[in-house]
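Q: Have a look at this one before I ask anything.
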Amino acid sequence: MSFYKEVPGRKTTLESTLKFDTEPKAGSTNPVTSDGVARNINSSTKNTLDDKDQTDTTIEFKTNAEGAAVYDEGYYFLLGDKIYLTDSITNEGAVYTITATKKNGVIPVINSLVARIIALEEAE
């Protein structure tokens, strides 16, 4: 038995076998097994909540003024599934250097924010 596979934005194809992916894959038009979807969701969530890497790795990258405008010193940002704290933003002419430290997921970030709030309250 054959069927037509219609995917928005893609060419309609005549298929004879329904092929499933065991995990989500960029560019694939195949359906994904429920186990593959669940595994992917759990993996992404766990990595963001706690990536199990206890080291705070510092990164540095260069950008232009427009790219640097996205970052603020002392604020967090997401890069892939990792959370970083912007340590500094410097520039030499039109080249901006962003230095940031990777944090160990959402929970440690929340704890550091709570500690800051407590310190501010105690200083009043």
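Order determines the names: the first chain of the structure tokens is A, the second B, and so forth; residues in each chain are numbered 1 upward, and ligands are numbered 1 upward as they are shown.
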As number ranges by chain, please: every residue in segment 7-120 of chain A that a backbone DSSP assignment puts in helix (DSSP H, G or I).

A: A: 34-49, 65-68, 106-120

Q: Those residues you just picked out, can you put them in a file as a compact mmCIF listing (two decimals), in the first residue's frame with N, CA and C atoms?

A:
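The resulting result23.txt:
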```txt
# COMPACT_ATOMS: atom_id res chain seq x y z
N SER A 34 7.15 7.86 20.29
CA SER A 34 6.85 8.55 21.55
C SER A 34 7.99 8.39 22.54
N ASP A 35 8.65 7.23 22.53
CA ASP A 35 9.81 7.02 23.40
C ASP A 35 10.92 8.01 23.04
N GLY A 36 11.14 8.23 21.75
CA GLY A 36 12.16 9.17 21.31
C GLY A 36 11.84 10.60 21.72
N VAL A 37 10.56 10.97 21.63
CA VAL A 37 10.15 12.31 22.05
C VAL A 37 10.34 12.47 23.56
N ALA A 38 9.89 11.50 24.34
CA ALA A 38 10.01 11.56 25.80
C ALA A 38 11.47 11.63 26.23
N ARG A 39 12.31 10.82 25.60
CA ARG A 39 13.73 10.81 25.94
C ARG A 39 14.37 12.17 25.64
N ASN A 40 13.99 12.77 24.51
CA ASN A 40 14.54 14.07 24.13
C ASN A 40 14.08 15.16 25.08
N ILE A 41 12.82 15.15 25.46
CA ILE A 41 12.30 16.16 26.40
C ILE A 41 12.98 16.02 27.75
N ASN A 42 13.07 14.79 28.25
CA ASN A 42 13.70 14.56 29.55
C ASN A 42 15.16 14.96 29.53
N SER A 43 15.85 14.64 28.46
CA SER A 43 17.28 14.97 28.34
C SER A 43 17.48 16.48 28.33
N SER A 44 16.68 17.20 27.54
CA SER A 44 16.82 18.66 27.45
C SER A 44 16.50 19.31 28.78
N THR A 45 15.42 18.87 29.42
CA THR A 45 15.02 19.46 30.70
C THR A 45 16.07 19.21 31.76
N LYS A 46 16.56 18.00 31.85
CA LYS A 46 17.56 17.68 32.87
C LYS A 46 18.83 18.48 32.67
N ASN A 47 19.26 18.64 31.42
CA ASN A 47 20.48 19.41 31.16
C ASN A 47 20.33 20.86 31.55
N THR A 48 19.17 21.44 31.32
CA THR A 48 18.95 22.83 31.66
C THR A 48 18.78 23.00 33.17
N LEU A 49 18.05 22.08 33.80
CA LEU A 49 17.85 22.19 35.25
C LEU A 49 19.15 21.94 36.00
N ALA A 65 28.85 45.72 18.02
CA ALA A 65 28.02 46.48 18.97
C ALA A 65 26.59 45.95 19.03
N GLU A 66 26.04 45.59 17.89
CA GLU A 66 24.68 45.07 17.84
C GLU A 66 24.58 43.74 18.59
N GLY A 67 25.57 42.87 18.39
CA GLY A 67 25.60 41.59 19.10
C GLY A 67 25.81 41.76 20.58
N ALA A 68 26.65 42.71 20.97
CA ALA A 68 26.95 42.95 22.38
C ALA A 68 25.75 43.54 23.12
N VAL A 106 19.60 25.64 36.16
CA VAL A 106 18.64 26.61 36.70
C VAL A 106 18.67 26.68 38.22
N ILE A 107 18.76 25.55 38.89
CA ILE A 107 18.68 25.53 40.35
C ILE A 107 19.81 26.36 40.98
N PRO A 108 21.07 26.15 40.60
CA PRO A 108 22.13 26.99 41.16
C PRO A 108 21.95 28.48 40.83
N VAL A 109 21.41 28.78 39.66
CA VAL A 109 21.16 30.18 39.29
C VAL A 109 20.11 30.77 40.22
N ILE A 110 19.03 30.05 40.44
CA ILE A 110 17.98 30.54 41.35
C ILE A 110 18.56 30.74 42.75
N ASN A 111 19.35 29.79 43.21
CA ASN A 111 19.96 29.91 44.54
C ASN A 111 20.85 31.14 44.64
N SER A 112 21.62 31.43 43.59
CA SER A 112 22.47 32.62 43.63
C SER A 112 21.63 33.89 43.65
N LEU A 113 20.50 33.90 42.96
CA LEU A 113 19.61 35.07 42.99
C LEU A 113 18.98 35.24 44.37
N VAL A 114 18.58 34.14 44.99
CA VAL A 114 18.02 34.20 46.34
C VAL A 114 19.07 34.76 47.30
N ALA A 115 20.30 34.30 47.20
CA ALA A 115 21.38 34.81 48.06
C ALA A 115 21.57 36.31 47.88
N ARG A 116 21.49 36.79 46.64
CA ARG A 116 21.60 38.23 46.39
C ARG A 116 20.47 39.01 47.04
N ILE A 117 19.27 38.48 46.93
CA ILE A 117 18.10 39.14 47.53
C ILE A 117 18.24 39.20 49.04
N ILE A 118 18.64 38.09 49.65
CA ILE A 118 18.82 38.05 51.10
C ILE A 118 19.87 39.07 51.53
N ALA A 119 20.98 39.14 50.80
CA ALA A 119 22.04 40.10 51.12
C ALA A 119 21.53 41.52 51.03
N LEU A 120 20.70 41.83 50.07
CA LEU A 120 20.14 43.17 49.93
C LEU A 120 19.18 43.48 51.08
```

Q: Per DSSP on the backbone, what are the strand (DSSP E) residues of chain A, as a PyMOL selection string?

A: chain A and resi 3-5+13-15+58-63+76-79+82-92+95-103

Q: So how far away is atom CA of Ile89 of chain A from atom CA of Tyr71 of chain A, in Å?

A: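 Computing it gives 8.0 Å between the two atoms.
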
Q: Just how far from atom CA of Glu73 of chain A is atom CA of Glu124 of chain A, in Å to one decimal?

A: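 These atoms are spaced 23.9 Å apart.
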
Q: Using only C-alpha atoms, determine which residues lie at most 6 Å from Lys102 of chain A, disregarding the query and same-chain residues fewer than 4 positions distant; provide the list as a ChimeraX atom specification.

A: /A:56-57,83-84
